[in-house]
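Enquirer: Sending over a structure as structure tokens; questions will come in a sec.
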Amino acid sequence: LAKTTQPISMDSYEGQEVNITCSHNNIATNDYITWYQQFPSQGPRFIIQGYKTKVTNEVASLFIPADRKSSTLSLPRVSLSDTAVYYCLVGALGGGGNKLTFGTGTQLKVEL
Amino acid sequence: NAGVTQTPKFQVLKTGQSMTLQCAQDMNHEYMSWYRQDPGMGLRLIHYSVGAGITDQGEVPNGYNVSRSTTEDFPLRLLSAAPSQTSVYFCASRKQGTGNTIYFGEGSWLTVV
């Protein structure tokens with residue numbers, strides 16, 4: 001199982017772009033990279049998922065370099081409501097990938 | 001579509017009592033799992049299931065039992081509650097072929113006194 005490393009916390013201001021990087025040096029060939037957002041007293045919520053290169057949806061972009069040993073979640077123009085914990089998850093269904101485990105996440109704090 | 005439903009949302013137990021946290025999903029997902037989250041911490045995997053009749057242990061399985069008699073339900077049983085099991089419990093499910101797209105329930109807050 002690929003171990004992930006993220007910054008413990010990040011601070012930003014409204015309207016700025018925020019980039020959170022996750023390191024996963026021992027990522028396996030079949031592993032996906034997935035990011036989740038968690039607000040206090042709620043379950044985590046899926047944000048975005050990718051395998052390689054760049055993925056973009058209505059809320060975020062995910063950048064994955066060619067070696068796939070890291071990934072960067074990009075949140076454009078954050079607002080106060082983006083204050084949350086963000087988790088990077090690396091794994092795959094099947095084999096040992098059924099035992100998906102989360103790291104400690106990155107606490108993002110957005111201020112005015 | 002209800003998604004992943006957990007009950008109860010809040011529960012207080014005395015040390016040594018047993019109870020079952022219920023989890024149901026209506027998305028026909030093959031995979032279901034239970035996580036616990038202690039204050040200020042990340043999620044830790046307790047047990048998971050890849051389909052009806054199949055369960056396996058996660059990172060922190062001691063003190064918990066699970067069963068998967070149907071695709072929809074995945075109850076978590078605390079055998080003899082201890083204060084160390086005070087936590088928030090999240091049930092989750094995902095469908096085969098969707099990578100790591102996991103759907104979480106709203107959580108069950110458990111306090112053991």
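Ligands are numbered from 1 in the order shown, residues from 1 within each chain, and chains are lettered A, B, ... in the order they appear in the structure tokens.
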Could you pull out the residues in chain B that DSSP calls strand (DSSP E) from the backbone, as a PyMOL selection string?
Expert: chain B and resi 4-7+10-13+19-25+31-37+43-51+54-57+64-66+76-78+87-94+103-104+108-112
Enquirer: Near chain A, meaning an atom within 10 Å, which residues of chain B appear when counting only C-alpha atoms? Write them as a PyMOL selection string.
Expert: chain B and resi 31-33+35+37+40-50+56-59+88-92+94-109
Enquirer: Write out as a PyMOL selection string each polymer residue whose atoms come within 7 Å of A:Gln16, counting only C-alpha atoms; drop sequence neighbours fewer than 5 positions from it.
Expert: chain A and resi 76-78
Enquirer: Could you write out that same residue set with C-alpha atoms as a CSV table (one decimal), in the first residue's frame?
Expert:
chain,number,residue,atom,x,y,z
A,76,PRO,CA,-9.0,27.9,-7.6
A,77,ARG,CA,-10.1,31.1,-5.9
A,78,VAL,CA,-10.9,29.6,-2.4
Enquirer: Extract, using only C-alpha atoms, all DNA, RNA and protein residues at most 12 Å from B:Val112, discarding same-chain residues fewer than 3 positions from it, and format them as an NGL selection string.
Expert: :B and (10-19 or 78 or 80-88 or 109)
Enquirer: Pick from A:Thr29, A:Thr21, A:Gln37, A:Thr5: nearest to A:Leu62, with only C-alpha atoms counted?
Expert: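 Of all the options, A:Thr21 lies closest to A:Leu62.
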Enquirer: Rounded to one decimal in Å, what is the spacing between atom CA of A:Cys22 and atom CA of A:Tyr86?
Expert: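 Taking atom CA of A:Cys22 as the start and atom CA of A:Tyr86 as the end point, the length is 10.3 Å.
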Enquirer: Find the distance between atom CA of B:His29 and atom CA of B:Arg77 and write it in Å to one decimal.
Expert: 21.0 Å
Enquirer: What gap, in Å, lies between atom CA of A:Lys52 and atom CA of A:Asp67?
Expert: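 Straight-line distance from atom CA of A:Lys52 to atom CA of A:Asp67 works out to 8.8 Å.
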